[in-house]
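What follows is a single structure, written as structure tokens, with notes after it.
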Amino acid sequence: MIPELKKPSVIMRDRGRVEEIIRNMHGAGPGALQVISDFDMTLTRFAFNGKRCPTSHNILDNSSLISEDCKAKLANFPKSHYYPIEIDSSLSVEDKVPHMVEWWTQAHDLLVQQRIKKDQLAKAVRESDAMLRDGYEVFFGSLKDHSIPLLIFSAGLGDILEEVIEHNGVFHPNVRVFSNYMEFDKNGLLCSFKGQLIHTFNKREGALLNPDQFEQLQDRPNILLLGDSMGDLTMADGVQNVQNILRIGYLNDKVEERRDAYVGSYDIVLEKDETLDIPNAILRYITEGK
């Protein structure tokens, strides 16, 4: 049905079910579809030429806007303690959540201490190694051309990821972002973060806290969901009256030890795939002749 689904990097636990969902989505057409996606390491690349690409937090952490002392603190505690907890398949989400809250809160507190200037964020993005996945122009363009809403749920930094999308020229009117946003004082200096903290395992609360956004999408009961973590699986939980949902998971890191969990949870798993080829192929099929 879709040749790209036969690529070696594509794993499906139930190909028949996946094809049935895609056929249903094709039958309903683009007017019934919405896309819900994570950002860091899902819409952006995990690595390029063997080197890790930065997340939206990393873009700021590695920039000239951060002192060397702050960089050292930010670089040390995630790698040594929190990241292993986040991806540990032997721990429950309930066990992980307190550690994630602690991780994000510490990171945000450190950033606030840096008194970052709002007008310097775009420069930090331009000078970073952040990259959207190959095929992003087609992905964002197709969604815009067919008026398909793209809802991005991110535990990253909303101000930064918006700059990344804008920098690549694909921040179209159909794109909406739910993330951690900075609060700036009258002098344009970072003074706090807005609203409720969003971390890896509570992204669905972004949906529940924004019911008005989803009421406008009730006539779009088909969902294409893209993520790269187990926490991303719940991003669509705030959507009512779902008819078809296809979950695509990017398995970027520690592939062998996490493969079973991903294959058991996502409909399609993409191993070490730095492109948007599969989502683009599915979108092309759904929108064919529509």
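Following the order of the structure tokens, chains are lettered A, B, ..., residues in each are numbered from 1, and ligands are numbered from 1.
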
Practice item. Please provide the set of residues having any atom within 8 Å of Asn24 (chain A), restricted to only C-alpha atoms, with same-chain residues fewer than 4 positions apart removed, written as a ChimeraX atom specification. Key: /A:20,28,244

Practice item. Pick out the residues sitting within 7 Å of region 249-259 of chain A, and hand them over as a list of chain:residue names; count only C-alpha atoms, and ignore anything fewer than 4 positions along from it in its own chain. Key: A:Thr42, A:Phe46, A:Leu226, A:Gly227, A:Asp228, A:Val263, A:Tyr266, A:Ile268, A:Val269, A:Leu270, A:Glu271, A:Lys272

For the selection you just gave me, I'd like the residues written to a file as a compact mmCIF listing (two decimals), in the first residue's frame, keeping all heavy atoms.
# COMPACT_ATOMS: atom_id res chain seq x y z
N THR A 42 12.01 14.30 17.73
CA THR A 42 10.91 13.75 16.93
C THR A 42 10.81 14.54 15.63
O THR A 42 11.00 14.00 14.55
CB THR A 42 9.57 13.79 17.70
OG1 THR A 42 9.67 12.96 18.86
CG2 THR A 42 8.43 13.28 16.83
N PHE A 46 17.98 13.52 15.93
CA PHE A 46 18.65 13.04 17.13
C PHE A 46 20.16 13.21 16.98
O PHE A 46 20.85 13.57 17.92
CB PHE A 46 18.32 11.57 17.36
CG PHE A 46 19.01 10.96 18.56
CD1 PHE A 46 18.56 11.21 19.84
CD2 PHE A 46 20.12 10.14 18.39
CE1 PHE A 46 19.20 10.67 20.95
CE2 PHE A 46 20.78 9.59 19.49
CZ PHE A 46 20.31 9.85 20.77
N LEU A 226 3.12 11.52 16.59
CA LEU A 226 4.55 11.28 16.45
C LEU A 226 5.25 11.56 17.77
O LEU A 226 5.04 12.61 18.37
CB LEU A 226 5.15 12.21 15.37
CG LEU A 226 4.46 12.28 14.01
CD1 LEU A 226 5.17 13.30 13.13
CD2 LEU A 226 4.43 10.92 13.35
N GLY A 227 6.10 10.62 18.20
CA GLY A 227 6.84 10.82 19.44
C GLY A 227 8.14 10.05 19.45
O GLY A 227 8.43 9.28 18.53
N ASP A 228 8.93 10.25 20.50
CA ASP A 228 10.18 9.49 20.62
C ASP A 228 10.37 8.95 22.03
O ASP A 228 11.44 8.41 22.34
CB ASP A 228 11.38 10.38 20.24
CG ASP A 228 11.78 11.34 21.34
OD1 ASP A 228 10.89 12.04 21.86
OD2 ASP A 228 12.96 11.39 21.71
N VAL A 263 7.88 -1.32 20.45
CA VAL A 263 7.08 -2.11 19.52
C VAL A 263 5.76 -2.51 20.17
O VAL A 263 4.72 -2.61 19.51
CB VAL A 263 7.85 -3.36 19.04
CG1 VAL A 263 6.96 -4.27 18.21
CG2 VAL A 263 9.08 -2.93 18.22
N TYR A 266 3.89 1.50 20.37
CA TYR A 266 3.65 2.28 19.15
C TYR A 266 3.18 1.37 18.02
O TYR A 266 3.55 0.19 17.97
CB TYR A 266 4.94 2.99 18.71
CG TYR A 266 5.26 4.25 19.49
CD1 TYR A 266 6.16 4.24 20.56
CD2 TYR A 266 4.67 5.46 19.15
CE1 TYR A 266 6.47 5.40 21.26
CE2 TYR A 266 4.98 6.64 19.85
CZ TYR A 266 5.87 6.59 20.91
OH TYR A 266 6.16 7.74 21.59
N ILE A 268 3.85 1.97 14.78
CA ILE A 268 5.02 1.93 13.89
C ILE A 268 6.22 2.43 14.67
O ILE A 268 6.15 3.47 15.32
CB ILE A 268 4.82 2.81 12.64
CG1 ILE A 268 3.63 2.32 11.81
CG2 ILE A 268 6.09 2.84 11.79
CD1 ILE A 268 3.30 3.23 10.62
N VAL A 269 7.32 1.68 14.64
CA VAL A 269 8.55 2.10 15.30
C VAL A 269 9.62 2.32 14.23
O VAL A 269 9.83 1.46 13.36
CB VAL A 269 9.03 1.04 16.32
CG1 VAL A 269 10.37 1.45 16.93
CG2 VAL A 269 7.99 0.85 17.42
N LEU A 270 10.28 3.47 14.30
CA LEU A 270 11.33 3.82 13.34
C LEU A 270 12.67 3.82 14.06
O LEU A 270 12.91 4.67 14.92
CB LEU A 270 11.05 5.19 12.72
CG LEU A 270 9.66 5.36 12.07
CD1 LEU A 270 9.47 6.77 11.56
CD2 LEU A 270 9.48 4.34 10.95
N GLU A 271 13.53 2.88 13.73
CA GLU A 271 14.81 2.75 14.40
C GLU A 271 15.89 3.57 13.72
O GLU A 271 16.16 3.39 12.53
CB GLU A 271 15.24 1.28 14.46
CG GLU A 271 14.38 0.41 15.35
CD GLU A 271 14.99 -0.97 15.56
OE1 GLU A 271 16.07 -1.24 14.99
OE2 GLU A 271 14.39 -1.77 16.30
N LYS A 272 16.49 4.48 14.49
CA LYS A 272 17.60 5.30 13.99
C LYS A 272 17.30 5.87 12.60
O LYS A 272 18.11 5.81 11.68
CB LYS A 272 18.90 4.49 13.98
CG LYS A 272 19.39 4.15 15.38
CD LYS A 272 20.75 3.50 15.35
CE LYS A 272 21.30 3.25 16.75
NZ LYS A 272 21.53 4.51 17.51

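The set of residues in region 149-204 of chain A assigned to alpha helix (DSSP H) by DSSP, using only backbone atoms of this structure, is Gly158, Asp159, Ile160, Leu161, Glu162, Glu163, Val164, Ile165, Glu166, His167 and Arg204 of chain A.
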
Residues from the last selection, N, CA, C and O atoms, saved as a PDB file, in the first residue's frame:
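New file out07.pdb:
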ATOM      1  N   GLY A 158       9.422  26.404  24.827  1.00  0.00           N
ATOM      2  CA  GLY A 158       8.564  26.852  23.739  1.00  0.00           C
ATOM      3  C   GLY A 158       9.132  28.008  22.947  1.00  0.00           C
ATOM      4  O   GLY A 158       9.032  28.040  21.711  1.00  0.00           O
ATOM      5  N   ASP A 159       9.738  28.981  23.630  1.00  0.00           N
ATOM      6  CA  ASP A 159      10.300  30.140  22.944  1.00  0.00           C
ATOM      7  C   ASP A 159      11.399  29.714  21.970  1.00  0.00           C
ATOM      8  O   ASP A 159      11.508  30.255  20.861  1.00  0.00           O
ATOM      9  N   ILE A 160      12.205  28.746  22.397  1.00  0.00           N
ATOM     10  CA  ILE A 160      13.321  28.273  21.568  1.00  0.00           C
ATOM     11  C   ILE A 160      12.818  27.443  20.395  1.00  0.00           C
ATOM     12  O   ILE A 160      13.238  27.637  19.246  1.00  0.00           O
ATOM     13  N   LEU A 161      11.906  26.515  20.657  1.00  0.00           N
ATOM     14  CA  LEU A 161      11.463  25.645  19.561  1.00  0.00           C
ATOM     15  C   LEU A 161      10.679  26.444  18.517  1.00  0.00           C
ATOM     16  O   LEU A 161      10.740  26.149  17.317  1.00  0.00           O
ATOM     17  N   GLU A 162       9.967  27.488  18.952  1.00  0.00           N
ATOM     18  CA  GLU A 162       9.298  28.345  17.972  1.00  0.00           C
ATOM     19  C   GLU A 162      10.325  29.049  17.087  1.00  0.00           C
ATOM     20  O   GLU A 162      10.110  29.206  15.877  1.00  0.00           O
ATOM     21  N   GLU A 163      11.438  29.450  17.692  1.00  0.00           N
ATOM     22  CA  GLU A 163      12.505  30.088  16.910  1.00  0.00           C
ATOM     23  C   GLU A 163      13.097  29.103  15.901  1.00  0.00           C
ATOM     24  O   GLU A 163      13.447  29.486  14.780  1.00  0.00           O
ATOM     25  N   VAL A 164      13.223  27.825  16.294  1.00  0.00           N
ATOM     26  CA  VAL A 164      13.757  26.805  15.374  1.00  0.00           C
ATOM     27  C   VAL A 164      12.832  26.650  14.173  1.00  0.00           C
ATOM     28  O   VAL A 164      13.278  26.622  13.016  1.00  0.00           O
ATOM     29  N   ILE A 165      11.528  26.554  14.440  1.00  0.00           N
ATOM     30  CA  ILE A 165      10.560  26.398  13.353  1.00  0.00           C
ATOM     31  C   ILE A 165      10.567  27.637  12.464  1.00  0.00           C
ATOM     32  O   ILE A 165      10.561  27.542  11.232  1.00  0.00           O
ATOM     33  N   GLU A 166      10.597  28.804  13.095  1.00  0.00           N
ATOM     34  CA  GLU A 166      10.610  30.067  12.348  1.00  0.00           C
ATOM     35  C   GLU A 166      11.878  30.194  11.521  1.00  0.00           C
ATOM     36  O   GLU A 166      11.841  30.624  10.345  1.00  0.00           O
ATOM     37  N   HIS A 167      13.008  29.827  12.122  1.00  0.00           N
ATOM     38  CA  HIS A 167      14.302  29.906  11.432  1.00  0.00           C
ATOM     39  C   HIS A 167      14.310  29.058  10.166  1.00  0.00           C
ATOM     40  O   HIS A 167      14.972  29.403   9.175  1.00  0.00           O
ATOM     41  N   ARG A 204       0.031  15.224  28.194  1.00  0.00           N
ATOM     42  CA  ARG A 204      -1.409  15.177  27.947  1.00  0.00           C
ATOM     43  C   ARG A 204      -2.136  16.256  28.743  1.00  0.00           C
ATOM     44  O   ARG A 204      -3.236  16.675  28.372  1.00  0.00           O
TER      45      ARG A 204
END

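In this comparison, which uses only C-alpha atoms, the residue of A:Ser154, A:Asn241, A:Asn180, A:Gln106 approaching Lys194 (chain A) most closely is A:Asn180.
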
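Among A:Gly231, A:Arg220, A:Met12, A:Gln196, the residue with the shortest atom-to-atom distance to Ser92 (chain A), counting only C-alpha atoms, is A:Gly231.
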
Shell of 9 Å around region 128-143 of chain A, only C-alpha atoms, local chain residues under 5 positions omitted, as a PDB file with N, CA, C and O atoms, in the first residue's frame:
ATOM      1  N   PRO A  30      -8.167  14.394   4.375  1.00  0.00           N
ATOM      2  CA  PRO A  30      -7.404  15.317   5.225  1.00  0.00           C
ATOM      3  C   PRO A  30      -8.284  16.191   6.121  1.00  0.00           C
ATOM      4  O   PRO A  30      -7.833  16.665   7.159  1.00  0.00           O
ATOM      5  N   GLN A  34      -5.866  15.349  12.150  1.00  0.00           N
ATOM      6  CA  GLN A  34      -5.000  16.285  12.866  1.00  0.00           C
ATOM      7  C   GLN A  34      -3.718  15.529  13.229  1.00  0.00           C
ATOM      8  O   GLN A  34      -3.733  14.306  13.395  1.00  0.00           O
ATOM      9  N   VAL A  35      -2.618  16.254  13.328  1.00  0.00           N
ATOM     10  CA  VAL A  35      -1.330  15.651  13.682  1.00  0.00           C
ATOM     11  C   VAL A  35      -0.906  16.199  15.036  1.00  0.00           C
ATOM     12  O   VAL A  35      -0.912  17.411  15.259  1.00  0.00           O
ATOM     13  N   MET A  41      13.856  15.667  19.151  1.00  0.00           N
ATOM     14  CA  MET A  41      14.209  14.301  18.760  1.00  0.00           C
ATOM     15  C   MET A  41      13.062  13.558  18.055  1.00  0.00           C
ATOM     16  O   MET A  41      13.143  12.367  17.820  1.00  0.00           O
ATOM     17  N   THR A  42      12.005  14.301  17.726  1.00  0.00           N
ATOM     18  CA  THR A  42      10.911  13.747  16.927  1.00  0.00           C
ATOM     19  C   THR A  42      10.811  14.538  15.635  1.00  0.00           C
ATOM     20  O   THR A  42      11.003  13.996  14.554  1.00  0.00           O
ATOM     21  N   LEU A  43      10.525  15.820  15.732  1.00  0.00           N
ATOM     22  CA  LEU A  43      10.567  16.682  14.548  1.00  0.00           C
ATOM     23  C   LEU A  43      11.989  17.154  14.281  1.00  0.00           C
ATOM     24  O   LEU A  43      12.328  17.515  13.151  1.00  0.00           O
ATOM     25  N   THR A  44      12.826  17.157  15.326  1.00  0.00           N
ATOM     26  CA  THR A  44      14.245  17.491  15.129  1.00  0.00           C
ATOM     27  C   THR A  44      15.073  16.212  15.077  1.00  0.00           C
ATOM     28  O   THR A  44      14.661  15.158  15.573  1.00  0.00           O
ATOM     29  N   ARG A  45      16.241  16.311  14.495  1.00  0.00           N
ATOM     30  CA  ARG A  45      17.138  15.165  14.386  1.00  0.00           C
ATOM     31  C   ARG A  45      17.724  14.806  15.745  1.00  0.00           C
ATOM     32  O   ARG A  45      17.982  15.678  16.587  1.00  0.00           O
ATOM     33  N   PHE A  46      17.977  13.520  15.926  1.00  0.00           N
ATOM     34  CA  PHE A  46      18.652  13.040  17.131  1.00  0.00           C
ATOM     35  C   PHE A  46      20.161  13.210  16.975  1.00  0.00           C
ATOM     36  O   PHE A  46      20.854  13.570  17.923  1.00  0.00           O
ATOM     37  N   ALA A  47      20.662  12.952  15.760  1.00  0.00           N
ATOM     38  CA  ALA A  47      22.102  13.053  15.508  1.00  0.00           C
ATOM     39  C   ALA A  47      22.365  13.407  14.055  1.00  0.00           C
ATOM     40  O   ALA A  47      21.506  13.233  13.181  1.00  0.00           O
ATOM     41  N   PHE A  48      23.563  13.916  13.805  1.00  0.00           N
ATOM     42  CA  PHE A  48      23.991  14.237  12.442  1.00  0.00           C
ATOM     43  C   PHE A  48      25.481  13.963  12.341  1.00  0.00           C
ATOM     44  O   PHE A  48      26.271  14.456  13.139  1.00  0.00           O
ATOM     45  N   CYS A  53      22.512  15.927  18.185  1.00  0.00           N
ATOM     46  CA  CYS A  53      21.979  17.256  17.937  1.00  0.00           C
ATOM     47  C   CYS A  53      21.335  17.782  19.219  1.00  0.00           C
ATOM     48  O   CYS A  53      20.860  17.004  20.052  1.00  0.00           O
ATOM     49  N   PRO A  54      21.294  19.090  19.400  1.00  0.00           N
ATOM     50  CA  PRO A  54      20.767  19.645  20.639  1.00  0.00           C
ATOM     51  C   PRO A  54      19.250  19.654  20.708  1.00  0.00           C
ATOM     52  O   PRO A  54      18.562  19.791  19.689  1.00  0.00           O
ATOM     53  N   THR A  55      18.721  19.507  21.919  1.00  0.00           N
ATOM     54  CA  THR A  55      17.303  19.720  22.171  1.00  0.00           C
ATOM     55  C   THR A  55      17.091  21.221  22.333  1.00  0.00           C
ATOM     56  O   THR A  55      18.054  21.994  22.338  1.00  0.00           O
ATOM     57  N   SER A  56      15.837  21.633  22.502  1.00  0.00           N
ATOM     58  CA  SER A  56      15.583  23.068  22.687  1.00  0.00           C
ATOM     59  C   SER A  56      16.238  23.574  23.971  1.00  0.00           C
ATOM     60  O   SER A  56      16.723  24.707  24.032  1.00  0.00           O
ATOM     61  N   ILE A  59      20.040  23.926  23.212  1.00  0.00           N
ATOM     62  CA  ILE A  59      20.373  25.100  22.397  1.00  0.00           C
ATOM     63  C   ILE A  59      20.730  26.266  23.303  1.00  0.00           C
ATOM     64  O   ILE A  59      21.722  26.970  23.092  1.00  0.00           O
ATOM     65  N   LEU A  60      19.929  26.438  24.343  1.00  0.00           N
ATOM     66  CA  LEU A  60      20.180  27.533  25.284  1.00  0.00           C
ATOM     67  C   LEU A  60      21.355  27.202  26.198  1.00  0.00           C
ATOM     68  O   LEU A  60      22.227  28.041  26.442  1.00  0.00           O
ATOM     69  N   ASN A  62      23.939  25.498  25.670  1.00  0.00           N
ATOM     70  CA  ASN A  62      25.238  25.549  24.994  1.00  0.00           C
ATOM     71  C   ASN A  62      25.570  26.919  24.413  1.00  0.00           C
ATOM     72  O   ASN A  62      26.630  27.101  23.815  1.00  0.00           O
ATOM     73  N   SER A  63      24.672  27.873  24.572  1.00  0.00           N
ATOM     74  CA  SER A  63      24.855  29.171  23.925  1.00  0.00           C
ATOM     75  C   SER A  63      25.729  30.110  24.747  1.00  0.00           C
ATOM     76  O   SER A  63      26.024  29.864  25.921  1.00  0.00           O
ATOM     77  N   LYS A 123      19.302  34.518  17.960  1.00  0.00           N
ATOM     78  CA  LYS A 123      20.731  34.380  17.679  1.00  0.00           C
ATOM     79  C   LYS A 123      21.249  33.037  18.204  1.00  0.00           C
ATOM     80  O   LYS A 123      22.045  32.358  17.536  1.00  0.00           O
ATOM     81  N   ILE A 148      -4.291  20.919   7.564  1.00  0.00           N
ATOM     82  CA  ILE A 148      -4.309  19.925   8.639  1.00  0.00           C
ATOM     83  C   ILE A 148      -3.616  20.516   9.863  1.00  0.00           C
ATOM     84  O   ILE A 148      -2.450  20.908   9.785  1.00  0.00           O
ATOM     85  N   PRO A 149      -4.294  20.610  11.006  1.00  0.00           N
ATOM     86  CA  PRO A 149      -3.673  21.182  12.205  1.00  0.00           C
ATOM     87  C   PRO A 149      -2.488  20.333  12.687  1.00  0.00           C
ATOM     88  O   PRO A 149      -2.571  19.103  12.719  1.00  0.00           O
ATOM     89  N   LEU A 150      -1.403  21.011  13.052  1.00  0.00           N
ATOM     90  CA  LEU A 150      -0.247  20.355  13.674  1.00  0.00           C
ATOM     91  C   LEU A 150      -0.132  20.901  15.088  1.00  0.00           C
ATOM     92  O   LEU A 150       0.161  22.081  15.286  1.00  0.00           O
ATOM     93  N   VAL A 164      13.223  27.825  16.294  1.00  0.00           N
ATOM     94  CA  VAL A 164      13.757  26.805  15.374  1.00  0.00           C
ATOM     95  C   VAL A 164      12.832  26.650  14.173  1.00  0.00           C
ATOM     96  O   VAL A 164      13.278  26.622  13.016  1.00  0.00           O
ATOM     97  N   ILE A 165      11.528  26.554  14.440  1.00  0.00           N
ATOM     98  CA  ILE A 165      10.560  26.398  13.353  1.00  0.00           C
ATOM     99  C   ILE A 165      10.567  27.637  12.464  1.00  0.00           C
ATOM    100  O   ILE A 165      10.561  27.542  11.232  1.00  0.00           O
ATOM    101  N   ASN A 168      13.572  27.944  10.184  1.00  0.00           N
ATOM    102  CA  ASN A 168      13.512  27.059   9.024  1.00  0.00           C
ATOM    103  C   ASN A 168      12.369  27.414   8.066  1.00  0.00           C
ATOM    104  O   ASN A 168      12.141  26.710   7.085  1.00  0.00           O
ATOM    105  N   GLY A 169      11.660  28.496   8.377  1.00  0.00           N
ATOM    106  CA  GLY A 169      10.644  29.012   7.465  1.00  0.00           C
ATOM    107  C   GLY A 169       9.385  28.189   7.344  1.00  0.00           C
ATOM    108  O   GLY A 169       8.714  28.230   6.307  1.00  0.00           O
ATOM    109  N   VAL A 170       9.032  27.431   8.414  1.00  0.00           N
ATOM    110  CA  VAL A 170       7.857  26.561   8.311  1.00  0.00           C
ATOM    111  C   VAL A 170       6.845  26.780   9.442  1.00  0.00           C
ATOM    112  O   VAL A 170       6.042  25.910   9.748  1.00  0.00           O
ATOM    113  N   PHE A 171       6.890  27.953  10.068  1.00  0.00           N
ATOM    114  CA  PHE A 171       5.925  28.240  11.128  1.00  0.00           C
ATOM    115  C   PHE A 171       4.643  28.768  10.468  1.00  0.00           C
ATOM    116  O   PHE A 171       4.377  29.968  10.431  1.00  0.00           O
ATOM    117  N   HIS A 172       3.843  27.836   9.979  1.00  0.00           N
ATOM    118  CA  HIS A 172       2.632  28.186   9.253  1.00  0.00           C
ATOM    119  C   HIS A 172       1.457  28.378  10.225  1.00  0.00           C
ATOM    120  O   HIS A 172       1.521  27.955  11.389  1.00  0.00           O
ATOM    121  N   ASN A 174      -1.241  26.866  10.676  1.00  0.00           N
ATOM    122  CA  ASN A 174      -1.875  25.650  11.199  1.00  0.00           C
ATOM    123  C   ASN A 174      -1.080  25.011  12.342  1.00  0.00           C
ATOM    124  O   ASN A 174      -1.492  23.990  12.889  1.00  0.00           O
ATOM    125  N   VAL A 175       0.050  25.603  12.723  1.00  0.00           N
ATOM    126  CA  VAL A 175       0.913  25.055  13.769  1.00  0.00           C
ATOM    127  C   VAL A 175       0.587  25.696  15.117  1.00  0.00           C
ATOM    128  O   VAL A 175       0.552  26.918  15.247  1.00  0.00           O
ATOM    129  N   GLU A 274      16.505   9.263  10.728  1.00  0.00           N
ATOM    130  CA  GLU A 274      16.607  10.714  10.921  1.00  0.00           C
ATOM    131  C   GLU A 274      15.755  11.498   9.920  1.00  0.00           C
ATOM    132  O   GLU A 274      15.998  12.672   9.675  1.00  0.00           O
ATOM    133  N   THR A 275      14.752  10.840   9.353  1.00  0.00           N
ATOM    134  CA  THR A 275      13.921  11.498   8.347  1.00  0.00           C
ATOM    135  C   THR A 275      12.449  11.515   8.758  1.00  0.00           C
ATOM    136  O   THR A 275      12.033  10.834   9.700  1.00  0.00           O
ATOM    137  N   LEU A 276      11.691  12.278   8.005  1.00  0.00           N
ATOM    138  CA  LEU A 276      10.230  12.272   8.135  1.00  0.00           C
ATOM    139  C   LEU A 276       9.609  11.541   6.950  1.00  0.00           C
ATOM    140  O   LEU A 276       8.454  11.763   6.592  1.00  0.00           O
ATOM    141  N   ASP A 277      10.388  10.629   6.354  1.00  0.00           N
ATOM    142  CA  ASP A 277       9.929   9.913   5.157  1.00  0.00           C
ATOM    143  C   ASP A 277       8.644   9.128   5.406  1.00  0.00           C
ATOM    144  O   ASP A 277       7.733   9.125   4.562  1.00  0.00           O
ATOM    145  N   PRO A 279       6.203   9.454   7.961  1.00  0.00           N
ATOM    146  CA  PRO A 279       5.044  10.332   8.113  1.00  0.00           C
ATOM    147  C   PRO A 279       4.646  11.002   6.795  1.00  0.00           C
ATOM    148  O   PRO A 279       3.453  11.126   6.489  1.00  0.00           O
ATOM    149  N   ASN A 280       5.637  11.405   5.993  1.00  0.00           N
ATOM    150  CA  ASN A 280       5.336  12.054   4.717  1.00  0.00           C
ATOM    151  C   ASN A 280       4.636  11.097   3.753  1.00  0.00           C
ATOM    152  O   ASN A 280       3.702  11.484   3.041  1.00  0.00           O
ATOM    153  N   LEU A 283       1.075  10.681   4.978  1.00  0.00           N
ATOM    154  CA  LEU A 283       0.294  11.884   4.652  1.00  0.00           C
ATOM    155  C   LEU A 283      -0.012  11.963   3.170  1.00  0.00           C
ATOM    156  O   LEU A 283      -1.135  12.340   2.772  1.00  0.00           O
ATOM    157  N   ARG A 284       0.937  11.585   2.347  1.00  0.00           N
ATOM    158  CA  ARG A 284       0.733  11.617   0.896  1.00  0.00           C
ATOM    159  C   ARG A 284      -0.397  10.669   0.511  1.00  0.00           C
ATOM    160  O   ARG A 284      -1.262  11.011  -0.308  1.00  0.00           O
ATOM    161  N   THR A 287      -3.857  12.028   1.679  1.00  0.00           N
ATOM    162  CA  THR A 287      -4.331  13.202   0.948  1.00  0.00           C
ATOM    163  C   THR A 287      -4.444  12.986  -0.553  1.00  0.00           C
ATOM    164  O   THR A 287      -4.877  13.891  -1.278  1.00  0.00           O
TER     165      THR A 287
END
